[in-house]
>>> print(open('model-v5.pdb').read())   # PDB, C-alpha atoms
ATOM      1  CA  MET A   1     -20.030 -28.387 -12.130
ATOM      2  CA  SER A   2     -17.921 -27.656  -9.081
ATOM      3  CA  VAL A   3     -15.999 -24.372  -8.883
ATOM      4  CA  SER A   4     -12.878 -24.157  -6.764
ATOM      5  CA  PRO A   5     -12.746 -21.600  -3.942
ATOM      6  CA  HIS A   6      -9.686 -20.037  -5.591
ATOM      7  CA  SER A   7     -11.645 -19.471  -8.794
ATOM      8  CA  LEU A   8     -14.421 -17.781  -6.848
ATOM      9  CA  THR A   9     -11.926 -15.594  -4.992
ATOM     10  CA  TYR A  10     -10.312 -14.561  -8.257
ATOM     11  CA  VAL A  11     -13.640 -13.703  -9.869
ATOM     12  CA  LYS A  12     -14.616 -11.638  -6.812
ATOM     13  CA  PHE A  13     -11.299  -9.818  -7.059
ATOM     14  CA  LEU A  14     -11.870  -9.104 -10.766
ATOM     15  CA  HIS A  15     -15.304  -7.629 -10.020
ATOM     16  CA  LEU A  16     -13.976  -5.473  -7.179
ATOM     17  CA  ALA A  17     -10.963  -4.308  -9.180
ATOM     18  CA  ASN A  18     -13.172  -3.490 -12.152
ATOM     19  CA  ALA A  19     -15.479  -1.438  -9.933
ATOM     20  CA  LEU A  20     -12.436   0.373  -8.524
ATOM     21  CA  ARG A  21     -11.131   1.170 -12.011
ATOM     22  CA  GLN A  22     -14.493   2.641 -13.012
ATOM     23  CA  GLY A  23     -14.893   4.640  -9.810
ATOM     24  CA  PRO A  24     -14.133   8.290  -9.201
ATOM     25  CA  GLY A  25     -10.474   9.182  -8.871
ATOM     26  CA  ALA A  26      -9.228   5.993 -10.491
ATOM     27  CA  PRO A  27      -6.651   6.494 -13.224
ATOM     28  CA  GLU A  28      -7.954   5.849 -16.728
ATOM     29  CA  LEU A  29      -5.631   3.216 -18.154
ATOM     30  CA  ASP A  30      -5.839   1.307 -21.381
ATOM     31  CA  SER A  31      -4.844  -2.360 -21.339
ATOM     32  CA  LEU A  32      -1.245  -1.692 -22.396
ATOM     33  CA  GLU A  33      -0.761   1.032 -19.791
ATOM     34  CA  GLU A  34      -2.128  -1.302 -17.139
ATOM     35  CA  ARG A  35       0.176  -4.154 -18.220
ATOM     36  CA  LEU A  36       3.126  -1.780 -18.231
ATOM     37  CA  LEU A  37       2.295  -0.347 -14.815
ATOM     38  CA  ASN A  38       1.825  -3.865 -13.379
ATOM     39  CA  SER A  39       5.185  -4.962 -14.812
ATOM     40  CA  LEU A  40       6.876  -1.890 -13.387
ATOM     41  CA  ALA A  41       5.273  -2.525  -9.990
ATOM     42  CA  ALA A  42       6.597  -6.094  -9.943
ATOM     43  CA  ALA A  43      10.113  -4.798 -10.619
ATOM     44  CA  TRP A  44       9.793  -1.973  -8.086
ATOM     45  CA  HIS A  45       8.650  -4.496  -5.482
ATOM     46  CA  THR A  46      11.995  -6.292  -5.780
ATOM     47  CA  GLY A  47      13.796  -3.001  -5.109
ATOM     48  CA  HIS A  48      15.126  -2.792  -8.660
ATOM     49  CA  ARG A  49      15.606   0.697 -10.063
ATOM     50  CA  ILE A  50      14.376   0.448 -13.622
ATOM     51  CA  LYS A  51      16.150   2.414 -16.295
ATOM     52  CA  VAL A  52      14.002   3.800 -19.093
ATOM     53  CA  LEU A  53      15.927   1.701 -21.599
ATOM     54  CA  GLU A  54      15.200  -1.473 -19.586
ATOM     55  CA  VAL A  55      11.434  -0.963 -19.649
ATOM     56  CA  ALA A  56      11.100  -2.392 -23.165
ATOM     57  CA  ARG A  57      12.262  -5.787 -21.845
ATOM     58  CA  LEU A  58       9.265  -5.915 -19.495
ATOM     59  CA  LEU A  59       6.876  -6.251 -22.446
ATOM     60  CA  PRO A  60       8.841  -7.970 -25.219
ATOM     61  CA  ASP A  61       5.742  -8.281 -27.421
ATOM     62  CA  THR A  62       5.407  -4.468 -27.645
ATOM     63  CA  SER A  63       7.597  -2.134 -29.695
ATOM     64  CA  GLU A  64      10.018   0.156 -27.881
ATOM     65  CA  ARG A  65       8.442   3.182 -29.510
ATOM     66  CA  THR A  66       4.990   2.240 -28.183
ATOM     67  CA  ILE A  67       6.367   1.601 -24.702
ATOM     68  CA  PHE A  68       8.149   4.966 -24.596
ATOM     69  CA  ARG A  69       4.956   6.730 -25.693
ATOM     70  CA  ARG A  70       3.047   4.928 -22.931
ATOM     71  CA  LEU A  71       5.683   5.931 -20.370
ATOM     72  CA  LYS A  72       5.062   9.549 -21.339
ATOM     73  CA  THR A  73       1.301   8.995 -21.001
ATOM     74  CA  LEU A  74       1.747   7.422 -17.555
ATOM     75  CA  GLU A  75       3.886  10.396 -16.555
ATOM     76  CA  ASP A  76       1.203  12.805 -17.816
ATOM     77  CA  LYS A  77      -1.368  10.908 -15.699
ATOM     78  CA  GLY A  78       0.837  11.306 -12.619
ATOM     79  CA  LEU A  79       1.514   7.579 -12.253
ATOM     80  CA  ILE A  80       5.264   7.586 -12.864
ATOM     81  CA  THR A  81       8.086  10.039 -12.671
ATOM     82  CA  PHE A  82      11.607  10.026 -14.040
ATOM     83  CA  MET A  83      14.774  10.554 -12.051
ATOM     84  CA  ILE A  84      18.159  11.293 -13.570
ATOM     85  CA  ASP A  85      20.848   8.947 -12.303
ATOM     86  CA  PRO A  86      23.243  10.987 -10.151
ATOM     87  CA  GLN A  87      26.218   8.882 -11.378
ATOM     88  CA  ASP A  88      25.370   9.137 -15.087
ATOM     89  CA  GLN A  89      23.346  12.118 -16.296
ATOM     90  CA  ARG A  90      22.411  10.236 -19.488
ATOM     91  CA  VAL A  91      20.448   7.578 -17.575
ATOM     92  CA  ARG A  92      16.888   8.074 -16.327
ATOM     93  CA  HIS A  93      15.060   5.782 -13.930
ATOM     94  CA  VAL A  94      11.305   5.191 -13.862
ATOM     95  CA  LEU A  95       9.796   5.641 -10.386
ATOM     96  CA  PRO A  96       6.295   5.293  -8.935
ATOM     97  CA  THR A  97       4.445   8.286  -7.557
ATOM     98  CA  PRO A  98       2.236   8.510  -4.458
ATOM     99  CA  LYS A  99      -0.736   8.226  -6.846
ATOM    100  CA  THR A 100       0.627   4.878  -8.064
ATOM    101  CA  ASP A 101       1.163   3.666  -4.510
ATOM    102  CA  ALA A 102      -2.426   4.608  -3.627
ATOM    103  CA  TYR A 103      -3.791   2.841  -6.720
ATOM    104  CA  PHE A 104      -1.986  -0.410  -5.920
ATOM    105  CA  ALA A 105      -2.975  -0.127  -2.247
ATOM    106  CA  ARG A 106      -6.632   0.056  -3.304
ATOM    107  CA  LEU A 107      -6.164  -2.979  -5.566
ATOM    108  CA  GLY A 108      -4.602  -4.779  -2.607
ATOM    109  CA  GLU A 109      -7.677  -3.934  -0.535
ATOM    110  CA  CYS A 110      -9.829  -5.452  -3.291
ATOM    111  CA  LEU A 111      -7.807  -8.640  -3.073
ATOM    112  CA  SER A 112      -8.182  -8.757   0.715
ATOM    113  CA  LEU A 113     -11.947  -8.273   0.425
ATOM    114  CA  ALA A 114     -12.187 -11.030  -2.178
ATOM    115  CA  GLN A 115     -10.286 -13.421   0.085
ATOM    116  CA  GLN A 116     -12.613 -12.701   3.003
ATOM    117  CA  GLY A 117     -15.470 -14.194   1.074
TER     118      GLY A 117
END
>>> encode(input="model-v5.pdb", output="structure tokens")
Amino acid sequence: MSVSPHSLTYVKFLHLANALRQGPGAPELDSLEERLLNSLAAAWHTGHRIKVLEVARLLPDTSERTIFRRLKTLEDKGLITFMIDPQDQRVRHVLPTPKTDAYFARLGECLSLAQQG
């Protein structure tokens, strides 16, 4: 059976990313926290400021209550922070922290290594 180079690259990335997640200093995330953080990162990458109330739309298969609890957990782990909207004090935005930026940078390095073969 022939395996495509893209499949091999992806499997290498999965192994590297898994090793990173189990290494020292890596944030301990459950699968939902990781999905939520990845969804937030995709939105942040577009420059969109995500309101707390918009976060539930990122994972429509998960209850709002569960998502809000996970946001609090991610905040406790230092991976997100909240900022009050200067125009409307009732609105809070979800923002990444330097710890989040470092985590995604390390995942990006894993991807680069996987692509190098």
>>> resolve_selection(input="model-v5.pdb", expression="the PyMOL selection byres ((chain A and resi 14-19) around 10)", output="PyMOL selection string")
chain A and resi 8-13+20-24+26+106-111+113-114
>>> write_last_selection(input="model-v5.pdb", atoms="C-alpha atoms", output="PDB file, in the coordinates of the input")
ATOM      1  CA  LEU A   8     -14.421 -17.781  -6.848  1.00  0.00           C
ATOM      2  CA  THR A   9     -11.926 -15.594  -4.992  1.00  0.00           C
ATOM      3  CA  TYR A  10     -10.312 -14.561  -8.257  1.00  0.00           C
ATOM      4  CA  VAL A  11     -13.640 -13.703  -9.869  1.00  0.00           C
ATOM      5  CA  LYS A  12     -14.616 -11.638  -6.812  1.00  0.00           C
ATOM      6  CA  PHE A  13     -11.299  -9.818  -7.059  1.00  0.00           C
ATOM      7  CA  LEU A  20     -12.436   0.373  -8.524  1.00  0.00           C
ATOM      8  CA  ARG A  21     -11.131   1.170 -12.011  1.00  0.00           C
ATOM      9  CA  GLN A  22     -14.493   2.641 -13.012  1.00  0.00           C
ATOM     10  CA  GLY A  23     -14.893   4.640  -9.810  1.00  0.00           C
ATOM     11  CA  PRO A  24     -14.133   8.290  -9.201  1.00  0.00           C
ATOM     12  CA  ALA A  26      -9.228   5.993 -10.491  1.00  0.00           C
ATOM     13  CA  ARG A 106      -6.632   0.056  -3.304  1.00  0.00           C
ATOM     14  CA  LEU A 107      -6.164  -2.979  -5.566  1.00  0.00           C
ATOM     15  CA  GLY A 108      -4.602  -4.779  -2.607  1.00  0.00           C
ATOM     16  CA  GLU A 109      -7.677  -3.934  -0.535  1.00  0.00           C
ATOM     17  CA  CYS A 110      -9.829  -5.452  -3.291  1.00  0.00           C
ATOM     18  CA  LEU A 111      -7.807  -8.640  -3.073  1.00  0.00           C
ATOM     19  CA  LEU A 113     -11.947  -8.273   0.425  1.00  0.00           C
ATOM     20  CA  ALA A 114     -12.187 -11.030  -2.178  1.00  0.00           C
TER      21      ALA A 114
END
>>> closest_residue(input="model-v5.pdb", among="A:Thr62, A:Thr73, A:Lys51, A:Phe104", to="Arg92 of chain A", atoms="all atoms listed in the file")
A:Lys51
>>> closest_residue(input="model-v5.pdb", among="A:Ser112, A:Ser39, A:Thr46, A:Thr97", to="Asp76 of chain A", atoms="all atoms listed in the file")
A:Thr97
>>> residues_around(input="model-v5.pdb", residues="Met83 of chain A", least_positions_apart="6", cutoff="12 Å", atoms="all atoms listed in the file", output="mmCIF file with C-alpha atoms, in the frame of the given file")
data_model
loop_
_atom_site.group_PDB
_atom_site.id
_atom_site.type_symbol
_atom_site.label_atom_id
_atom_site.label_comp_id
_atom_site.auth_asym_id
_atom_site.auth_seq_id
_atom_site.Cartn_x
_atom_site.Cartn_y
_atom_site.Cartn_z
ATOM 1 C CA ARG A 49 15.606 0.697 -10.063
ATOM 2 C CA ILE A 50 14.376 0.448 -13.622
ATOM 3 C CA LYS A 51 16.150 2.414 -16.295
ATOM 4 C CA VAL A 52 14.002 3.800 -19.093
ATOM 5 C CA GLU A 75 3.886 10.396 -16.555
ATOM 6 C CA GLN A 89 23.346 12.118 -16.296
ATOM 7 C CA ARG A 90 22.411 10.236 -19.488
ATOM 8 C CA VAL A 91 20.448 7.578 -17.575
ATOM 9 C CA ARG A 92 16.888 8.074 -16.327
ATOM 10 C CA HIS A 93 15.060 5.782 -13.930
ATOM 11 C CA VAL A 94 11.305 5.191 -13.862
ATOM 12 C CA LEU A 95 9.796 5.641 -10.386
ATOM 13 C CA PRO A 96 6.295 5.293 -8.935
ATOM 14 C CA THR A 97 4.445 8.286 -7.557
#
>>> closest_residue(input="model-v5.pdb", among="A:Asp101, A:Glu33, A:Ser4, A:Asp88", to="Leu74 of chain A", atoms="only C-alpha atoms")
A:Glu33
>>> closest_residue(input="model-v5.pdb", among="A:Ile84, A:Ala105, A:Ala43, A:Leu37", to="Leu71 of chain A", atoms="all atoms listed in the file")
A:Leu37
>>> decode(input="model-v5.pdb", residues="segment 5-90 of chain A", atoms="C-alpha atoms", output="CSV table (one decimal), in the first residue's frame")
chain,number,residue,atom,x,y,z
A,5,PRO,CA,3.9,12.2,1.3
A,6,HIS,CA,1.2,14.5,2.8
A,7,SER,CA,-0.1,11.7,5.0
A,8,LEU,CA,3.4,11.0,6.2
A,9,THR,CA,4.0,14.7,6.9
A,10,TYR,CA,0.8,14.9,8.9
A,11,VAL,CA,1.6,11.8,11.0
A,12,LYS,CA,5.0,13.2,11.7
A,13,PHE,CA,3.4,16.5,12.8
A,14,LEU,CA,1.0,14.6,15.1
A,15,HIS,CA,3.9,12.7,16.8
A,16,LEU,CA,5.9,15.9,17.3
A,17,ALA,CA,2.8,17.9,18.5
A,18,ASN,CA,2.0,15.0,20.9
A,19,ALA,CA,5.5,15.0,22.3
A,20,LEU,CA,5.3,18.8,22.7
A,21,ARG,CA,2.0,18.5,24.6
A,22,GLN,CA,3.5,15.9,27.0
A,23,GLY,CA,6.7,17.9,27.5
A,24,PRO,CA,7.6,20.2,30.4
A,25,GLY,CA,6.0,23.6,30.4
A,26,ALA,CA,3.3,22.6,27.9
A,27,PRO,CA,-0.2,23.6,29.0
A,28,GLU,CA,-2.4,20.6,30.1
A,29,LEU,CA,-5.5,20.8,27.9
A,30,ASP,CA,-8.3,18.4,27.6
A,31,SER,CA,-9.7,17.8,24.1
A,32,LEU,CA,-12.5,20.4,24.4
A,33,GLU,CA,-10.1,23.1,25.7
A,34,GLU,CA,-7.8,22.3,22.8
A,35,ARG,CA,-10.6,22.6,20.3
A,36,LEU,CA,-11.7,25.8,21.8
A,37,LEU,CA,-8.2,27.3,21.9
A,38,ASN,CA,-7.7,26.3,18.2
A,39,SER,CA,-11.0,27.8,17.2
A,40,LEU,CA,-10.1,31.0,19.0
A,41,ALA,CA,-6.7,31.1,17.4
A,42,ALA,CA,-8.3,30.8,13.9
A,43,ALA,CA,-10.5,33.8,14.7
A,44,TRP,CA,-7.7,35.8,16.2
A,45,HIS,CA,-5.6,35.1,13.1
A,46,THR,CA,-8.1,37.0,11.0
A,47,GLY,CA,-7.9,40.0,13.3
A,48,HIS,CA,-11.4,39.5,14.7
A,49,ARG,CA,-11.9,40.5,18.3
A,50,ILE,CA,-14.0,37.8,19.8
A,51,LYS,CA,-16.7,38.7,22.3
A,52,VAL,CA,-17.3,36.2,25.1
A,53,LEU,CA,-20.9,35.8,23.9
A,54,GLU,CA,-19.6,34.9,20.4
A,55,VAL,CA,-17.4,32.1,21.6
A,56,ALA,CA,-20.3,29.7,21.8
A,57,ARG,CA,-20.8,29.9,18.0
A,58,LEU,CA,-17.2,28.5,17.5
A,59,LEU,CA,-18.3,25.1,18.9
A,60,PRO,CA,-22.0,24.7,18.1
A,61,ASP,CA,-22.0,21.1,19.3
A,62,THR,CA,-21.1,22.2,22.9
A,63,SER,CA,-23.4,23.9,25.4
A,64,GLU,CA,-22.8,27.6,26.2
A,65,ARG,CA,-22.4,26.7,29.9
A,66,THR,CA,-19.6,24.2,29.1
A,67,ILE,CA,-17.9,26.7,26.9
A,68,PHE,CA,-18.0,29.5,29.5
A,69,ARG,CA,-16.6,27.1,32.1
A,70,ARG,CA,-13.8,26.2,29.7
A,71,LEU,CA,-13.0,29.8,29.1
A,72,LYS,CA,-12.6,30.3,32.8
A,73,THR,CA,-10.3,27.2,32.9
A,74,LEU,CA,-8.2,28.6,30.0
A,75,GLU,CA,-8.0,31.9,31.9
A,76,ASP,CA,-6.8,30.1,35.0
A,77,LYS,CA,-4.2,28.3,33.0
A,78,GLY,CA,-2.9,31.7,31.6
A,79,LEU,CA,-3.9,30.9,28.0
A,80,ILE,CA,-6.5,33.6,27.6
A,81,THR,CA,-7.4,36.9,29.1
A,82,PHE,CA,-10.5,39.1,29.0
A,83,MET,CA,-10.6,42.7,28.1
A,84,ILE,CA,-13.6,45.0,28.7
A,85,ASP,CA,-14.7,46.8,25.6
A,86,PRO,CA,-13.9,50.5,26.1
A,87,GLN,CA,-17.1,51.5,24.1
A,88,ASP,CA,-19.4,49.2,26.0
A,89,GLN,CA,-18.5,48.2,29.6
A,90,ARG,CA,-20.9,45.2,29.4
